[in-house]
Amino acid sequence: MAKAIKKIGVLTSGGDAPGMNAAIRAVVRSAISEGLEVVGIRRGYQGLIEDDIIEMNKRSVSETINRGGTILYTARSMEFMTEEGQSKAAEQCHKHGIDGVVVIGGDGSFRGAQKLSEHGINTIGLPGTIDLDIACTDYTIGFDTAVNTAMEAIDKIRDTSTSHERCSIVEVMGRNAGYLALWCAIANGAENVLLPERYDGNEQALIDDIINSRKVGKKHHIIINAEGIGHSTSMARRIEAATGIETRATIIGHIQRGGNPTCKDRVYASVMGVTAVRLLLQGKTNRVVAYKDGKFVDYDIDEALAMSKDIDEYKLDVSMLLSR
């Protein structure tokens, strides 16, 4: 029979994402409502190794649901990638009487949770990343806010691009995934989108498209470029030289990570946080909470990490169709 859970910890790891605070709040308040003690582990796995652990109560998370970033801070830990570091982290859990840990982050954070589980610590992962690149889930905490932030920025760039009759290359985040770029391409009516999953490096085809668009009367041109392709500034110089059309590059950058989370990110993150606590109370470990086909579900971490994900071909077709 599984050991009864009495005390849990919560941490955020990897890149921050809007909605993480909503998830922390949900974990803390739902756990306390179930009679559990809760501690916050600051600065991710590195903070766990270094004993950066604080007691949390319902007031600790008051007025945080609307805040971007993470009140527990976050970091990437090279030390935790070693067996020695993982053992230290597990020892800290035992020292503090922590029976279970809720980990909010991406694939790398889930691999860390997997290692903690192997050391006897009950772990539940919540998908927190603006990149939407976790294969087991249709939603990740922070994506909705990030894509709306990028969309609003691109709307403003289009205004000035139109005024100057120029071509604009707008680089959005997403690491090696093109989900942010594709969603922005559809939402902003971009003429072209460059995705790591599909772009073949044929810059001449892009140049030809810009020239042909100008011939049929288009006065501006928006290209959404995914971070995984990058090099937007040098690309802009080459396009301007080849077309004679003034071309500017804008890298939106880390504003996509910040800001007040949208309603969706607040609600979904809250539901996921409560679900994580309930899974721990059921004696489950090494699980990931996901949103799949309209339902909140959970997967074994090993199974989740073995899954693969690709760009939605239908959405890509829609983007190309509507850009013409």
# chains A, B, ... in the order shown; residues from 1 in each chain; ligands from 1
>>> select_by_dssp(residues="stretch 144-198 of chain A", states="alpha helix (DSSP H)", output="MDAnalysis selection string")
chainID A and resid 144:163 179:188
>>> residues_around(residues="stretch 168-181 of chain A", least_positions_apart="3", cutoff="8 Å", atoms="only C-alpha atoms", output="ChimeraX atom specification")
/A:130-133,143,146-147,150,154,157-158,161,184-185,193-197,220-230,232,236,247-254,256,311
>>> write_last_selection(atoms="C-alpha atoms", output="PDB file, in the first residue's frame")
ATOM      1  CA  ILE A 130       5.176  28.788 -24.024  1.00  0.00           C
ATOM      2  CA  ASP A 131       6.500  26.542 -26.807  1.00  0.00           C
ATOM      3  CA  LEU A 132       3.544  24.070 -26.861  1.00  0.00           C
ATOM      4  CA  ASP A 133       6.100  21.365 -27.687  1.00  0.00           C
ATOM      5  CA  PHE A 143       1.213  29.259 -24.644  1.00  0.00           C
ATOM      6  CA  ALA A 146       2.532  34.136 -25.262  1.00  0.00           C
ATOM      7  CA  VAL A 147       0.775  33.757 -28.595  1.00  0.00           C
ATOM      8  CA  ALA A 150       3.122  38.013 -30.059  1.00  0.00           C
ATOM      9  CA  ILE A 154       2.793  41.774 -34.905  1.00  0.00           C
ATOM     10  CA  ILE A 157       4.479  45.923 -36.734  1.00  0.00           C
ATOM     11  CA  ARG A 158       2.052  45.491 -39.634  1.00  0.00           C
ATOM     12  CA  SER A 161       5.182  48.019 -42.305  1.00  0.00           C
ATOM     13  CA  CYS A 184       0.683  33.917 -35.315  1.00  0.00           C
ATOM     14  CA  ALA A 185       0.817  33.398 -39.071  1.00  0.00           C
ATOM     15  CA  VAL A 193       5.707  31.535 -42.143  1.00  0.00           C
ATOM     16  CA  LEU A 194       9.021  29.743 -41.633  1.00  0.00           C
ATOM     17  CA  LEU A 195       8.801  26.702 -39.372  1.00  0.00           C
ATOM     18  CA  PRO A 196      11.709  24.524 -38.166  1.00  0.00           C
ATOM     19  CA  GLU A 197       9.579  21.457 -38.903  1.00  0.00           C
ATOM     20  CA  HIS A 220       3.704  45.270 -47.562  1.00  0.00           C
ATOM     21  CA  HIS A 221       4.803  41.738 -46.659  1.00  0.00           C
ATOM     22  CA  ILE A 222       4.894  40.009 -43.266  1.00  0.00           C
ATOM     23  CA  ILE A 223       7.084  36.947 -42.700  1.00  0.00           C
ATOM     24  CA  ILE A 224       6.795  35.125 -39.377  1.00  0.00           C
ATOM     25  CA  ASN A 225      10.096  33.431 -38.598  1.00  0.00           C
ATOM     26  CA  ALA A 226      10.375  30.833 -35.846  1.00  0.00           C
ATOM     27  CA  GLU A 227      13.193  31.063 -33.311  1.00  0.00           C
ATOM     28  CA  GLY A 228      14.383  27.596 -34.365  1.00  0.00           C
ATOM     29  CA  ILE A 229      15.342  29.054 -37.749  1.00  0.00           C
ATOM     30  CA  GLY A 230      16.486  32.463 -36.515  1.00  0.00           C
ATOM     31  CA  SER A 232      16.229  37.192 -39.056  1.00  0.00           C
ATOM     32  CA  ALA A 236      16.333  40.780 -43.955  1.00  0.00           C
ATOM     33  CA  THR A 247      13.109  45.001 -45.288  1.00  0.00           C
ATOM     34  CA  ARG A 248      13.288  45.100 -41.504  1.00  0.00           C
ATOM     35  CA  ALA A 249      13.695  42.384 -38.904  1.00  0.00           C
ATOM     36  CA  THR A 250      12.018  42.470 -35.493  1.00  0.00           C
ATOM     37  CA  ILE A 251      12.836  39.890 -32.830  1.00  0.00           C
ATOM     38  CA  ILE A 252       9.983  40.049 -30.332  1.00  0.00           C
ATOM     39  CA  GLY A 253      11.964  38.172 -27.689  1.00  0.00           C
ATOM     40  CA  HIS A 254      11.230  37.722 -24.025  1.00  0.00           C
ATOM     41  CA  GLN A 256       6.425  36.724 -24.917  1.00  0.00           C
ATOM     42  CA  ILE A 311       2.992  20.599 -36.689  1.00  0.00           C
TER      43      ILE A 311
END
>>> atom_distance(atom1="atom CA of A:Asp208", atom2="atom CA of A:Ile239")
9.9 Å
>>> closest_residue(among="A:Thr233, A:Asn66, A:Ser323, A:Thr123", to="A:Phe110", atoms="only C-alpha atoms")
A:Thr123
>>> closest_atom_pairs(of="stretch 95-204 of chain A", to="stretch 16-20 of chain A", cutoff="12 Å", atoms="only C-alpha atoms", output="JSON lines")
{"residue": "A:Val102", "atom": "CA", "partner": "A:Met20", "partner_atom": "CA", "distance": 11.8}
{"residue": "A:Val103", "atom": "CA", "partner": "A:Met20", "partner_atom": "CA", "distance": 10.5}
{"residue": "A:Ile104", "atom": "CA", "partner": "A:Met20", "partner_atom": "CA", "distance": 7.2}
{"residue": "A:Gly105", "atom": "CA", "partner": "A:Asp16", "partner_atom": "CA", "distance": 7.9}
{"residue": "A:Gly106", "atom": "CA", "partner": "A:Asp16", "partner_atom": "CA", "distance": 9.8}
{"residue": "A:Ser109", "atom": "CA", "partner": "A:Asp16", "partner_atom": "CA", "distance": 11.8}
{"residue": "A:Leu126", "atom": "CA", "partner": "A:Met20", "partner_atom": "CA", "distance": 9.4}
{"residue": "A:Pro127", "atom": "CA", "partner": "A:Met20", "partner_atom": "CA", "distance": 9.5}
{"residue": "A:Gly128", "atom": "CA", "partner": "A:Ala17", "partner_atom": "CA", "distance": 6.3}
{"residue": "A:Thr129", "atom": "CA", "partner": "A:Ala17", "partner_atom": "CA", "distance": 5.6}
{"residue": "A:Ile130", "atom": "CA", "partner": "A:Ala17", "partner_atom": "CA", "distance": 5.9}
{"residue": "A:Asp131", "atom": "CA", "partner": "A:Ala17", "partner_atom": "CA", "distance": 9.4}
{"residue": "A:Leu132", "atom": "CA", "partner": "A:Ala17", "partner_atom": "CA", "distance": 10.9}
{"residue": "A:Thr140", "atom": "CA", "partner": "A:Ala17", "partner_atom": "CA", "distance": 9.2}
{"residue": "A:Ile141", "atom": "CA", "partner": "A:Gly19", "partner_atom": "CA", "distance": 5.8}
{"residue": "A:Gly142", "atom": "CA", "partner": "A:Pro18", "partner_atom": "CA", "distance": 4.5}
{"residue": "A:Phe143", "atom": "CA", "partner": "A:Ala17", "partner_atom": "CA", "distance": 7.7}
{"residue": "A:Asp144", "atom": "CA", "partner": "A:Pro18", "partner_atom": "CA", "distance": 8.7}
{"residue": "A:Thr145", "atom": "CA", "partner": "A:Pro18", "partner_atom": "CA", "distance": 6.5}
{"residue": "A:Ala146", "atom": "CA", "partner": "A:Pro18", "partner_atom": "CA", "distance": 7.6}
{"residue": "A:Val147", "atom": "CA", "partner": "A:Pro18", "partner_atom": "CA", "distance": 11.0}
{"residue": "A:Asn148", "atom": "CA", "partner": "A:Pro18", "partner_atom": "CA", "distance": 11.4}
{"residue": "A:Thr149", "atom": "CA", "partner": "A:Pro18", "partner_atom": "CA", "distance": 10.8}
{"residue": "A:Gly174", "atom": "CA", "partner": "A:Ala17", "partner_atom": "CA", "distance": 11.8}
>>> select_by_dssp(residues="stretch 177-277 of chain A", states="strand (DSSP E)", output="PyMOL selection string")
chain A and resi 192-194+221-226+247-251
>>> residues_around(residues="A:Tyr291", least_positions_apart="5", cutoff="12 Å", atoms="only C-alpha atoms", output="MDAnalysis selection string")
chainID A and resid 126:127 132 134:141 268:269 271:272 275 296:299
>>> residues_around(residues="A:Gln204", least_positions_apart="6", cutoff="12 Å", atoms="only C-alpha atoms", output="MDAnalysis selection string")
chainID A and resid 210:211 235 238:239 242:243
>>> atom_distance(atom1="atom CA of A:Arg67", atom2="atom CA of A:Asn260")
5.2 Å
>>> closest_residue(among="A:Asp155, A:Glu303, A:Glu50, A:Glu91", to="A:Leu116", atoms="only C-alpha atoms")
A:Glu91
>>> closest_residue(among="A:Ile207, A:Met81, A:Ala276, A:Leu321", to="A:Gly108", atoms="only C-alpha atoms")
A:Met81
>>> atom_distance(atom1="atom CA of A:Ala306", atom2="atom CA of A:Lys284")
19.4 Å
>>> residues_around(residues="A:Ala90", least_positions_apart="3", cutoff="8 Å", atoms="only C-alpha atoms", output="JSON, numbers by chain")
{"A": [86, 87, 93, 94, 116, 119, 120, 121]}
>>> residues_around(residues="A:Lys88", least_positions_apart="4", cutoff="7 Å", atoms="only C-alpha atoms", output="JSON, numbers by chain")
{"A": [49, 84, 92]}
>>> residues_around(residues="stretch 57-65 of chain A", least_positions_apart="6", cutoff="7 Å", atoms="only C-alpha atoms", output="list in words")
Asn21, Ala22, Arg25, Val28, Arg29 and Arg266 of chain A
>>> closest_residue(among="A:Gly15, A:Gly125, A:Gly47, A:Gly201", to="A:Gly273", atoms="only C-alpha atoms")
A:Gly125
